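Just below is one structure, and these are the notes that go with it.
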Amino acid sequence: MDARTNPEAPPSPEHVTIRREDYRPPDWWVREVALEFELDPAATRVRSRLTVERNGDHDRPLRLAGEELRPLAVSVGGRAVEWAMDGETLVVAVAGDAAEVGTEVDIAPVSNSALMGLYESGGILCTQCEAEGFRRITFHPDRPDVLSVYRVRMTADKARYPVLLANGNPVAAGELEDGRHWAEWHDPFPKPSYLFALVAGNLAVLRDSFTTMSGREVELGIWVREDDLPKTRHAMASLKQAMAWDEKAYGREYDLDRFNIVAVDDFNFGAMENKGLNIFNSRYVLADTDTATDSDFDSVAGVVAHEYFHNWSGNRVTCRDWFQLSLKEGFTVFRDQSFSADIGSAAVKRIEDVRLLRAIQFPEDNGPLAHAVRPDSYLEIANFYTATIYNKGAELIRMMRTLLGDAAFRRGTDLYFERHDGEAATCDDFVAALEDASGVDLSHFKLWYSQAGTPRVSARLECDTLHLAQSVPPTPGQPDKAPMVIPLRTRLIGAAGELGEERLVVLDRAEQSVRFDDVPDGAMLSINRGFSAPVVMHVERAAGELEALATSDDDPFARYEAIQELAYRVLVEGGAPDALVAAFGATLTSNALDAAFKGEALTLPSEALIAERFERADPELIHQRREGLRRAVGTALAGPLAEAQAARAAGDDLSVAAKGVRRLRTVALALFAAGDPARGAALARAQYDAADNMTDRQGALMVLAGLDAPERTAAFDDFYAHYREDPLVVDKWFALQASAPRAGVLDTVAELRTHPDFTLNNPNRLRSLAGGLASNHWQFHASDGRGYRMLADFIVEADAINPQVAARLVPPLGKWRRLEEGRSALMRAELERIVGTPGLSKDVFEQASKSLG
Ligand code: B3K
Ligand code: ZN
């Protein structure tokens, strides 16, 4: 249920801005929490006993946050007491410095469509509390700096909910009359309320175990619906790999006797790191080669690792307040990126991560929703789980490691974990630990936490001197910026390919010149190697330099970058395609490069990325130019492309090499089809028919989706008929159609909107269709504004059901300033329509009103 449809709910709270500078320590600690749940989908009774302790010398009452809750009973020391409500906050006067405070409420999981708090998904009762969902379950301070030891007792109908799980370790269980049973769990590690979790359902389990470095045995379980059990093996293998990796890379060992993962189909984002009981969106648990692509397999490993790593970076050391969110998220993303690089191809992982950063975070940093990695204010914290907090936050950690060196960085993280174990810490605490362990002064570097906006760096090599300059563009609320500390891994490469020493150039002033010794003849500049800093580089280059670097730079990222720059010359400046075609040809036929790298290098910048290079973009022009270039490549390289497409790897071979072969195969197919659509369609259909794995199958379908060929409809029908019972594959079916670069796609989206399998209630399905539409640059930006209208309709309708998920669909409309004027006005009009919708949630209101600027 939702505040606007529940007549008993109090009026929606004011849209109050929360500010970082207003942080005050809590008035009351909660040392222990004892919860009793009488689980029932329609009416769950929640009894809570909080052991509270006054913090300091004051006479303020205990204030407990609630959302859509009504107290049925309130007691102090076991005796019923007077209480008052201040909006949705329960106010209880407590005499003395410590007390046991009891409350009782009823909640209705089955009507909880916002999927925050306790809700039902496919018959499973589960919870999501981060950031502020615990207050939808019971009255509590619900702030991350209040840490408590939890004891949880659940009773439920045994036939319907045979499995009862909560955080920590199981302590007791038993049977009751009337077919009910109970279980009690205890979590000895003090934790904030956002890490609370429980699950009740009819679940099957894949069990395994892990022996930690100190020899303790941990029981592992992955809990899913019975039918999905065969698809859990990869997640389990990934979990064990992650546990071993964290011991080796960071010296972090798991601490409880149990580690459980549960998969549910309805989940607002990827997964959640609740202590000892991670709850996952099923798309990040379930994978087999028939239904999941290589990229899905990699995402499962990455997300399983990410949530596991949070056990230290997030749970053992948590965040003092939500402005410090990047303390756990930026660091944990950095950790999961390093893990994935170690178990796969490091070069390809870096290229993928940077592509994502540029596709999502750079535009965010350059638009109306720009905010610092440690923001200063928010209306709704759920809107701040952004690419800036996560992915730019990870880049900050990476830069600090680059500045300190690996060994000092590790000493710093050891010190951080040791110093703050069991505490709620800040980003400053993290940096202080790195400084103390290394002796490196990071005070100037810390501007990265407070200044939003992507720095622009220009570079010019003149004989033996490198001239650098930087500027940081203004962002909302931050008109003037100071120069940042920018670590640039740099190497000079001679015209004949001779390599100079690689050096770390640290740019920390507005302008700076650096001299190099031993400059090779005809030196070329390889800079920001490995993307050592998240900046936009502008390098002045001599004629022929990019072409040479595209085939000779020894740093895989820099080489990829040179090829991309050649593509931008055609796509942005309208230049001739010859140099790019030559670089693609050389890459494709090189014996020195692996297939995975080739697949990345031969992927042209997306239309959205190309648009970022224009002051005001014309999506039609961008589409035509990109298609023209794809055609030119496809025609000129038809032979080698067909050869790469013909290479096959066994579907169940998940080695880095086999994945590379499959990646290149579909990239080659797409380019080939651009040159010769008729033969391309036939080849795609053949790839589809012969596929023994989802990567090849989905790749073929993706190529067909953009072609006006009879093979397209036939293949999509076949795909649906075959997989209609598998929700994660049906999501793909929706997304592939909605994101297809094909005229007429908006009609298809309109039809799919009424498809019996479409529902606004399931976040994955909504994202497949509405997110697929928004990612379809050319069609979403149809000049008559129909794409914008359709997205705004999705947002308004979804908002009444699930505000968090609806709010995440808003940012594409916020790009109106960067589009040509006709489209710009149409986008604004849709944002205004959204903001004017009666009863709009705080989540969507904040995103849409800020997007209007
Ligand atoms: N910490 C959660 C994200 C919670 C999002 C709340 N709106 C998952 C993660 O980052 O690991
Ligand atoms: Zn996280």
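We label chains A, B, ... in the order they appear in the structure tokens, count residues from 1 in each chain, and number ligands from 1 in the order shown.
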
Practice item. Name each residue within 10 Å of ligand 2, counting only C-alpha atoms and all ligand atoms, as number ranges by chain. Key: A: 270-273, 303, 305-310, 313-314, 325-326, 328-333, 336, 385, 390

Exercise for review: Pull the alpha helix (DSSP H) assignments for range 275-445 of chain A out of DSSP run on the backbone, and list those residues as a PyMOL selection string.
Suggested key: chain A and resi 294-309+325-343+346-356+362-365+387+393-404+406-420+427-438

Point to revise | Near-range 246-257 of chain A list (10 Å; only C-alpha atoms; drop same-chain fewer than 4 positions) as a PyMOL selection string | key: chain A and resi 167-170+187-189+209-214+216-220+241-242+275-276+305+308-309+311-313+316+335-336+338-339+410-411+413-414+417

Residue selection dump (C-alpha atoms) as a tab-separated table (two decimals), in the first residue's frame:
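Written out: result_3.tsv:
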```tsv
chain	number	residue	atom	x	y	z
A	167	ASN	CA	20.50	-12.26	9.74
A	168	GLY	CA	23.23	-14.01	11.68
A	169	ASN	CA	23.05	-17.56	13.00
A	170	PRO	CA	19.98	-19.73	13.69
A	187	ASP	CA	23.20	-11.71	14.83
A	188	PRO	CA	26.07	-11.03	17.24
A	189	PHE	CA	27.53	-8.20	15.14
A	209	SER	CA	30.83	-24.72	2.51
A	210	PHE	CA	33.92	-22.55	2.72
A	211	THR	CA	36.87	-22.88	5.06
A	212	THR	CA	38.23	-19.47	5.96
A	213	MET	CA	41.92	-18.63	6.19
A	214	SER	CA	41.86	-19.16	9.93
A	216	ARG	CA	36.63	-21.79	10.32
A	217	GLU	CA	33.95	-23.64	8.40
A	218	VAL	CA	31.16	-21.48	6.95
A	219	GLU	CA	27.92	-23.04	5.71
A	220	LEU	CA	26.82	-21.45	2.45
A	241	GLN	CA	35.93	-17.26	-5.38
A	242	ALA	CA	34.99	-13.92	-3.83
A	275	LYS	CA	24.39	-9.12	7.21
A	276	GLY	CA	24.68	-12.86	6.57
A	305	ALA	CA	31.23	-10.52	-5.07
A	308	TYR	CA	29.88	-10.31	-0.24
A	309	PHE	CA	32.65	-7.66	-0.08
A	311	ASN	CA	30.51	-7.62	4.69
A	312	TRP	CA	33.63	-5.62	5.51
A	313	SER	CA	33.27	-2.47	3.40
A	316	ARG	CA	31.67	-4.27	9.72
A	335	ARG	CA	36.79	-4.00	-4.92
A	336	ASP	CA	34.37	-5.87	-7.21
A	338	SER	CA	39.40	-5.55	-9.13
A	339	PHE	CA	37.99	-9.00	-8.43
A	410	ARG	CA	46.85	-2.07	1.32
A	411	ARG	CA	48.41	-0.84	4.57
A	413	THR	CA	42.86	-0.29	4.02
A	414	ASP	CA	44.15	-2.58	6.80
A	417	PHE	CA	39.30	-1.74	8.86
```

Check your understanding: So which bits of range 108-329 of chain A end up strand (DSSP E) when you DSSP the backbone, as a VMD selection string?
Key -> chain A and resid 117 to 121 124 to 128 148 to 157 163 to 166 169 to 175 180 to 191 198 to 201 204 to 211 217 to 224 258 to 264 271 to 272 277 to 281 318 to 319

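Counting only C-alpha atoms, the residue from A:Ala197, A:Ala550, A:Val304, A:Ile389 that sits nearest to Leu327 in chain A is A:Ile389.
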
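Using only C-alpha atoms and all ligand atoms, the shortest contact distance between ligand 1 and any of A:Gln779, A:Gln804, A:Ser299, A:Thr291 is found at A:Gln804.
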
Which neighbours of Asp376 in chain A fall inside 12 Å, counting only C-alpha atoms, when residues of the same chain fewer than 3 positions from it are skipped, and could you give them as a JSON list (two decimals) with N, CA, C and O atoms, in the first residue's frame?
```
[["chain", "number", "residue", "atom", "x", "y", "z"],
["A", 17, "THR", "N", 14.48, 19.28, 2.62],
["A", 17, "THR", "CA", 15.86, 19.03, 2.19],
["A", 17, "THR", "C", 16.70, 18.63, 3.40],
["A", 17, "THR", "O", 16.70, 19.30, 4.42],
["A", 18, "ILE", "N", 17.41, 17.52, 3.27],
["A", 18, "ILE", "CA", 18.31, 17.05, 4.34],
["A", 18, "ILE", "C", 19.72, 17.53, 3.98],
["A", 18, "ILE", "O", 20.15, 17.37, 2.83],
["A", 19, "ARG", "N", 20.41, 18.09, 4.97],
["A", 19, "ARG", "CA", 21.74, 18.66, 4.69],
["A", 19, "ARG", "C", 22.84, 17.97, 5.50],
["A", 19, "ARG", "O", 22.66, 17.69, 6.67],
["A", 20, "ARG", "N", 23.95, 17.78, 4.85],
["A", 20, "ARG", "CA", 25.09, 17.13, 5.51],
["A", 20, "ARG", "C", 25.56, 17.93, 6.72],
["A", 20, "ARG", "O", 25.88, 17.37, 7.77],
["A", 21, "GLU", "N", 25.56, 19.23, 6.58],
["A", 21, "GLU", "CA", 26.08, 20.07, 7.69],
["A", 21, "GLU", "C", 25.19, 19.98, 8.93],
["A", 21, "GLU", "O", 25.61, 20.36, 10.02],
["A", 22, "ASP", "N", 23.95, 19.47, 8.78],
["A", 22, "ASP", "CA", 23.05, 19.37, 9.93],
["A", 22, "ASP", "C", 23.27, 18.09, 10.73],
["A", 22, "ASP", "O", 22.53, 17.82, 11.68],
["A", 23, "TYR", "N", 24.24, 17.27, 10.34],
["A", 23, "TYR", "CA", 24.42, 16.00, 11.06],
["A", 23, "TYR", "C", 24.68, 16.23, 12.55],
["A", 23, "TYR", "O", 25.51, 17.05, 12.93],
["A", 321, "ASP", "N", 26.36, 8.54, 8.05],
["A", 321, "ASP", "CA", 25.11, 9.11, 7.54],
["A", 321, "ASP", "C", 25.09, 8.84, 6.04],
["A", 321, "ASP", "O", 26.10, 8.44, 5.46],
["A", 322, "TRP", "N", 23.96, 9.12, 5.41],
["A", 322, "TRP", "CA", 23.84, 8.72, 4.00],
["A", 322, "TRP", "C", 24.65, 9.59, 3.04],
["A", 322, "TRP", "O", 24.83, 9.25, 1.88],
["A", 323, "PHE", "N", 25.15, 10.73, 3.53],
["A", 323, "PHE", "CA", 26.04, 11.52, 2.68],
["A", 323, "PHE", "C", 27.37, 10.78, 2.47],
["A", 323, "PHE", "O", 28.12, 11.10, 1.55],
["A", 324, "GLN", "N", 27.64, 9.83, 3.34],
["A", 324, "GLN", "CA", 28.89, 9.05, 3.25],
["A", 324, "GLN", "C", 28.69, 7.79, 2.43],
["A", 324, "GLN", "O", 29.53, 6.88, 2.48],
["A", 325, "LEU", "N", 27.61, 7.71, 1.68],
["A", 325, "LEU", "CA", 27.27, 6.46, 0.98],
["A", 325, "LEU", "C", 28.44, 5.92, 0.14],
["A", 325, "LEU", "O", 28.67, 4.71, 0.07],
["A", 370, "ALA", "N", 23.80, 16.69, -11.52],
["A", 370, "ALA", "CA", 25.20, 16.56, -11.06],
["A", 370, "ALA", "C", 25.29, 16.77, -9.56],
["A", 370, "ALA", "O", 24.65, 17.66, -9.00],
["A", 371, "HIS", "N", 26.06, 15.93, -8.90],
["A", 371, "HIS", "CA", 26.27, 16.08, -7.46],
["A", 371, "HIS", "C", 27.65, 15.52, -7.12],
["A", 371, "HIS", "O", 28.23, 14.75, -7.88],
["A", 372, "ALA", "N", 28.15, 15.93, -5.96],
["A", 372, "ALA", "CA", 29.47, 15.48, -5.56],
["A", 372, "ALA", "C", 29.41, 14.02, -5.11],
["A", 372, "ALA", "O", 28.35, 13.51, -4.76],
["A", 373, "VAL", "N", 30.58, 13.36, -5.09],
["A", 373, "VAL", "CA", 30.66, 11.97, -4.60],
["A", 373, "VAL", "C", 30.22, 11.93, -3.13],
["A", 373, "VAL", "O", 29.61, 10.96, -2.69],
["A", 379, "LEU", "N", 16.76, 15.43, -1.13],
["A", 379, "LEU", "CA", 15.36, 15.35, -0.69],
["A", 379, "LEU", "C", 15.04, 13.91, -0.34],
["A", 379, "LEU", "O", 14.46, 13.61, 0.69],
["A", 381, "ILE", "N", 16.85, 10.14, -0.26],
["A", 381, "ILE", "CA", 18.14, 9.45, -0.36],
["A", 381, "ILE", "C", 18.13, 8.36, -1.43],
["A", 381, "ILE", "O", 19.15, 8.09, -2.07],
["A", 384, "PHE", "N", 19.95, 8.94, -4.58],
["A", 384, "PHE", "CA", 21.40, 9.17, -4.59],
["A", 384, "PHE", "C", 22.21, 7.88, -4.70],
["A", 384, "PHE", "O", 23.41, 7.87, -4.46],
["A", 449, "TYR", "N", 35.97, 14.58, -3.57],
["A", 449, "TYR", "CA", 34.75, 14.22, -2.83],
["A", 449, "TYR", "C", 33.72, 15.35, -2.81],
["A", 449, "TYR", "O", 32.54, 15.10, -2.68],
["A", 450, "SER", "N", 34.20, 16.58, -2.89],
["A", 450, "SER", "CA", 33.27, 17.70, -2.70],
["A", 450, "SER", "C", 32.92, 18.44, -3.99],
["A", 450, "SER", "O", 31.88, 19.08, -4.05],
["A", 451, "GLN", "N", 33.78, 18.37, -4.99],
["A", 451, "GLN", "CA", 33.49, 19.09, -6.24],
["A", 451, "GLN", "C", 32.86, 18.16, -7.26],
["A", 451, "GLN", "O", 33.46, 17.16, -7.63],
["A", 452, "ALA", "N", 31.68, 18.54, -7.73],
["A", 452, "ALA", "CA", 31.06, 17.75, -8.81],
["A", 452, "ALA", "C", 31.63, 18.21, -10.14],
["A", 452, "ALA", "O", 32.33, 19.22, -10.22],
["A", 476, "PRO", "N", 25.31, 22.47, -10.83],
["A", 476, "PRO", "CA", 24.30, 23.13, -10.00],
["A", 476, "PRO", "C", 24.81, 23.38, -8.58],
["A", 476, "PRO", "O", 25.29, 22.46, -7.92],
["A", 477, "GLY", "N", 24.75, 24.63, -8.14],
["A", 477, "GLY", "CA", 25.18, 24.98, -6.78],
["A", 477, "GLY", "C", 26.67, 25.15, -6.63],
["A", 477, "GLY", "O", 27.14, 25.51, -5.55],
["A", 478, "GLN", "N", 27.45, 24.85, -7.67],
["A", 478, "GLN", "CA", 28.91, 24.97, -7.59],
["A", 478, "GLN", "C", 29.44, 25.71, -8.82],
["A", 478, "GLN", "O", 29.97, 25.10, -9.75]]
```

Ala700 in chain A surroundings by only C-alpha atoms, 8 Å radius, close-in-sequence under 4 positions cut, as an mmCIF file with all heavy atoms, in the first residue's frame:
```cif
data_model
loop_
_atom_site.group_PDB
_atom_site.id
_atom_site.type_symbol
_atom_site.label_atom_id
_atom_site.label_comp_id
_atom_site.auth_asym_id
_atom_site.auth_seq_id
_atom_site.Cartn_x
_atom_site.Cartn_y
_atom_site.Cartn_z
ATOM 1 N N THR A 666 29.515 -11.763 -32.500
ATOM 2 C CA THR A 666 28.309 -10.952 -32.697
ATOM 3 C C THR A 666 28.650 -9.527 -33.133
ATOM 4 O O THR A 666 27.942 -8.946 -33.950
ATOM 5 C CB THR A 666 27.437 -10.974 -31.419
ATOM 6 O OG1 THR A 666 26.872 -12.282 -31.307
ATOM 7 C CG2 THR A 666 26.315 -9.961 -31.499
ATOM 8 N N LEU A 669 29.198 -9.915 -36.701
ATOM 9 C CA LEU A 669 27.913 -10.133 -37.390
ATOM 10 C C LEU A 669 27.194 -8.797 -37.598
ATOM 11 O O LEU A 669 26.659 -8.519 -38.677
ATOM 12 C CB LEU A 669 27.044 -11.094 -36.563
ATOM 13 C CG LEU A 669 25.608 -11.284 -37.044
ATOM 14 C CD1 LEU A 669 25.583 -11.985 -38.418
ATOM 15 C CD2 LEU A 669 24.790 -12.097 -36.039
ATOM 16 N N ALA A 684 22.517 -14.069 -39.519
ATOM 17 C CA ALA A 684 22.035 -13.919 -38.142
ATOM 18 C C ALA A 684 21.042 -15.035 -37.814
ATOM 19 O O ALA A 684 21.082 -15.623 -36.727
ATOM 20 C CB ALA A 684 21.381 -12.550 -37.960
ATOM 21 N N ARG A 685 20.175 -15.322 -38.753
ATOM 22 C CA ARG A 685 19.198 -16.391 -38.515
ATOM 23 C C ARG A 685 19.934 -17.728 -38.347
ATOM 24 O O ARG A 685 19.578 -18.553 -37.496
ATOM 25 C CB ARG A 685 18.195 -16.437 -39.675
ATOM 26 C CG ARG A 685 17.113 -17.508 -39.541
ATOM 27 C CD ARG A 685 16.144 -17.218 -38.395
ATOM 28 N NE ARG A 685 15.705 -18.454 -37.749
ATOM 29 C CZ ARG A 685 14.498 -18.649 -37.211
ATOM 30 N NH1 ARG A 685 13.597 -17.700 -37.201
ATOM 31 N NH2 ARG A 685 14.196 -19.787 -36.629
ATOM 32 N N GLN A 687 22.979 -18.082 -37.224
ATOM 33 C CA GLN A 687 23.637 -18.056 -35.900
ATOM 34 C C GLN A 687 22.608 -18.362 -34.809
ATOM 35 O O GLN A 687 22.882 -19.098 -33.859
ATOM 36 C CB GLN A 687 24.283 -16.683 -35.655
ATOM 37 C CG GLN A 687 24.913 -16.558 -34.262
ATOM 38 C CD GLN A 687 25.758 -15.298 -34.072
ATOM 39 O OE1 GLN A 687 26.499 -14.892 -34.969
ATOM 40 N NE2 GLN A 687 25.651 -14.689 -32.890
ATOM 41 N N TYR A 688 21.423 -17.793 -34.989
ATOM 42 C CA TYR A 688 20.350 -18.027 -34.014
ATOM 43 C C TYR A 688 19.997 -19.519 -33.972
ATOM 44 O O TYR A 688 19.922 -20.139 -32.903
ATOM 45 C CB TYR A 688 19.115 -17.186 -34.392
ATOM 46 C CG TYR A 688 17.928 -17.403 -33.482
ATOM 47 C CD1 TYR A 688 17.785 -16.637 -32.319
ATOM 48 C CD2 TYR A 688 16.970 -18.385 -33.768
ATOM 49 C CE1 TYR A 688 16.709 -16.843 -31.462
ATOM 50 C CE2 TYR A 688 15.899 -18.597 -32.920
ATOM 51 C CZ TYR A 688 15.764 -17.827 -31.767
ATOM 52 O OH TYR A 688 14.717 -18.040 -30.925
ATOM 53 N N ASP A 696 25.272 -16.359 -28.162
ATOM 54 C CA ASP A 696 25.134 -16.372 -29.622
ATOM 55 C C ASP A 696 23.690 -16.090 -30.030
ATOM 56 O O ASP A 696 23.422 -15.396 -31.005
ATOM 57 C CB ASP A 696 25.549 -17.746 -30.184
ATOM 58 C CG ASP A 696 27.071 -17.927 -30.182
ATOM 59 O OD1 ASP A 696 27.794 -16.938 -29.969
ATOM 60 O OD2 ASP A 696 27.519 -19.075 -30.385
ATOM 61 N N LEU A 704 19.212 -8.981 -35.664
ATOM 62 C CA LEU A 704 17.961 -9.062 -36.417
ATOM 63 C C LEU A 704 16.987 -7.951 -36.010
ATOM 64 O O LEU A 704 16.242 -7.433 -36.837
ATOM 65 C CB LEU A 704 17.288 -10.430 -36.188
ATOM 66 C CG LEU A 704 17.928 -11.598 -36.938
ATOM 67 C CD1 LEU A 704 17.340 -12.926 -36.440
ATOM 68 C CD2 LEU A 704 17.719 -11.454 -38.450
#
```

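With only C-alpha atoms as the atoms that count, the minimum distance from Phe409 in chain A to the choices A:Glu130, A:Val431, A:Gly634, A:Asn391 is reached by A:Val431.
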
List the neighbours of range 808-810 of chain A out to 9 Å using only C-alpha atoms; skip same-chain residues closer than 5 positions along the sequence, and give me the result as a PDB file with N, CA, C and O atoms, in the first residue's frame.
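And here's part-v1.pdb as it stands now:
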```pdb
ATOM      1  N   ASN A 383      17.283   8.528  -4.307  1.00  0.00           N
ATOM      2  CA  ASN A 383      17.736   9.083  -5.585  1.00  0.00           C
ATOM      3  C   ASN A 383      19.249   9.222  -5.664  1.00  0.00           C
ATOM      4  O   ASN A 383      19.778   9.626  -6.692  1.00  0.00           O
ATOM      5  N   ARG A 767      11.824  -1.997 -16.393  1.00  0.00           N
ATOM      6  CA  ARG A 767      13.108  -1.498 -16.915  1.00  0.00           C
ATOM      7  C   ARG A 767      13.379  -2.032 -18.318  1.00  0.00           C
ATOM      8  O   ARG A 767      13.935  -1.331 -19.154  1.00  0.00           O
ATOM      9  N   ALA A 770      10.558   0.169 -20.557  1.00  0.00           N
ATOM     10  CA  ALA A 770      10.719   1.628 -20.488  1.00  0.00           C
ATOM     11  C   ALA A 770      12.202   2.002 -20.569  1.00  0.00           C
ATOM     12  O   ALA A 770      12.576   2.963 -21.248  1.00  0.00           O
ATOM     13  N   GLY A 771      13.057   1.237 -19.885  1.00  0.00           N
ATOM     14  CA  GLY A 771      14.497   1.508 -19.945  1.00  0.00           C
ATOM     15  C   GLY A 771      15.038   1.201 -21.339  1.00  0.00           C
ATOM     16  O   GLY A 771      15.903   1.903 -21.852  1.00  0.00           O
ATOM     17  N   ALA A 774      14.186   4.158 -23.484  1.00  0.00           N
ATOM     18  CA  ALA A 774      15.014   5.336 -23.199  1.00  0.00           C
ATOM     19  C   ALA A 774      16.445   5.164 -23.695  1.00  0.00           C
ATOM     20  O   ALA A 774      17.134   6.138 -23.987  1.00  0.00           O
ATOM     21  N   LEU A 791       7.706   7.730 -22.391  1.00  0.00           N
ATOM     22  CA  LEU A 791       8.494   7.540 -21.166  1.00  0.00           C
ATOM     23  C   LEU A 791       7.819   8.255 -19.994  1.00  0.00           C
ATOM     24  O   LEU A 791       7.725   7.706 -18.888  1.00  0.00           O
ATOM     25  N   ALA A 792       7.330   9.467 -20.240  1.00  0.00           N
ATOM     26  CA  ALA A 792       6.669  10.217 -19.155  1.00  0.00           C
ATOM     27  C   ALA A 792       5.427   9.456 -18.677  1.00  0.00           C
ATOM     28  O   ALA A 792       5.143   9.415 -17.470  1.00  0.00           O
ATOM     29  N   PHE A 794       5.037   6.208 -18.687  1.00  0.00           N
ATOM     30  CA  PHE A 794       5.550   5.114 -17.851  1.00  0.00           C
ATOM     31  C   PHE A 794       5.874   5.639 -16.451  1.00  0.00           C
ATOM     32  O   PHE A 794       5.560   5.020 -15.439  1.00  0.00           O
ATOM     33  N   ILE A 795       6.534   6.784 -16.402  1.00  0.00           N
ATOM     34  CA  ILE A 795       6.981   7.322 -15.111  1.00  0.00           C
ATOM     35  C   ILE A 795       5.787   7.643 -14.214  1.00  0.00           C
ATOM     36  O   ILE A 795       5.751   7.249 -13.039  1.00  0.00           O
ATOM     37  N   PRO A 803       7.633   4.317  -6.375  1.00  0.00           N
ATOM     38  CA  PRO A 803       8.307   5.594  -6.627  1.00  0.00           C
ATOM     39  C   PRO A 803       9.797   5.470  -6.929  1.00  0.00           C
ATOM     40  O   PRO A 803      10.314   6.168  -7.795  1.00  0.00           O
ATOM     41  N   LEU A 831       8.616  16.922 -18.771  1.00  0.00           N
ATOM     42  CA  LEU A 831       9.057  17.068 -17.374  1.00  0.00           C
ATOM     43  C   LEU A 831       8.059  17.929 -16.595  1.00  0.00           C
ATOM     44  O   LEU A 831       7.722  17.638 -15.446  1.00  0.00           O
ATOM     45  N   ASP A 843      10.252  11.068  -4.537  1.00  0.00           N
ATOM     46  CA  ASP A 843      11.323  10.534  -5.392  1.00  0.00           C
ATOM     47  C   ASP A 843      11.259  11.139  -6.804  1.00  0.00           C
ATOM     48  O   ASP A 843      12.242  11.672  -7.307  1.00  0.00           O
ATOM     49  N   VAL A 844      10.099  11.014  -7.436  1.00  0.00           N
ATOM     50  CA  VAL A 844       9.990  11.503  -8.811  1.00  0.00           C
ATOM     51  C   VAL A 844       9.999  13.029  -8.828  1.00  0.00           C
ATOM     52  O   VAL A 844      10.598  13.653  -9.711  1.00  0.00           O
ATOM     53  N   GLN A 847      13.642  14.281  -8.791  1.00  0.00           N
ATOM     54  CA  GLN A 847      14.372  14.060 -10.036  1.00  0.00           C
ATOM     55  C   GLN A 847      13.833  14.942 -11.159  1.00  0.00           C
ATOM     56  O   GLN A 847      14.600  15.520 -11.926  1.00  0.00           O
ATOM     57  N   ALA A 848      12.494  15.024 -11.255  1.00  0.00           N
ATOM     58  CA  ALA A 848      11.917  15.782 -12.371  1.00  0.00           C
ATOM     59  C   ALA A 848      12.099  17.286 -12.164  1.00  0.00           C
ATOM     60  O   ALA A 848      12.427  18.003 -13.109  1.00  0.00           O
ATOM     61  N   SER A 851      15.620  18.178 -12.780  1.00  0.00           N
ATOM     62  CA  SER A 851      15.940  18.034 -14.204  1.00  0.00           C
ATOM     63  C   SER A 851      15.485  19.254 -15.002  1.00  0.00           C
ATOM     64  O   SER A 851      16.052  19.573 -16.048  1.00  0.00           O
TER      65      SER A 851
END
```

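Closest approach to Asp464 in chain A among A:Gly522, A:His186, A:Leu415, A:Asp480 is made by A:Gly522 (distances from only C-alpha atoms).
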
Check your understanding: So which residues touch Pro162 in chain A within 7 Å, counting only C-alpha atoms, skipping near sequence neighbours fewer than 4 positions away, as a PyMOL selection string?
Key -> chain A and resi 158+201-202

Check your understanding: Hey, which of A:Val149, A:Leu813, A:Met116, A:Ala183 ends up closest to ligand 1? Count only C-alpha atoms and all ligand atoms.
Key -> A:Met116

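Restricting the calculation to only C-alpha atoms and all ligand atoms, the smallest distance between ligand 1 and any of A:Ile279, A:Ala382, A:Gly123, A:Leu39 is found for A:Ala382.
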
Check your understanding: In Å, with one decimal, what is the gap from CA of Arg207 in chain A to CA of Ala166 in chain A?
Key -> 16.8 Å
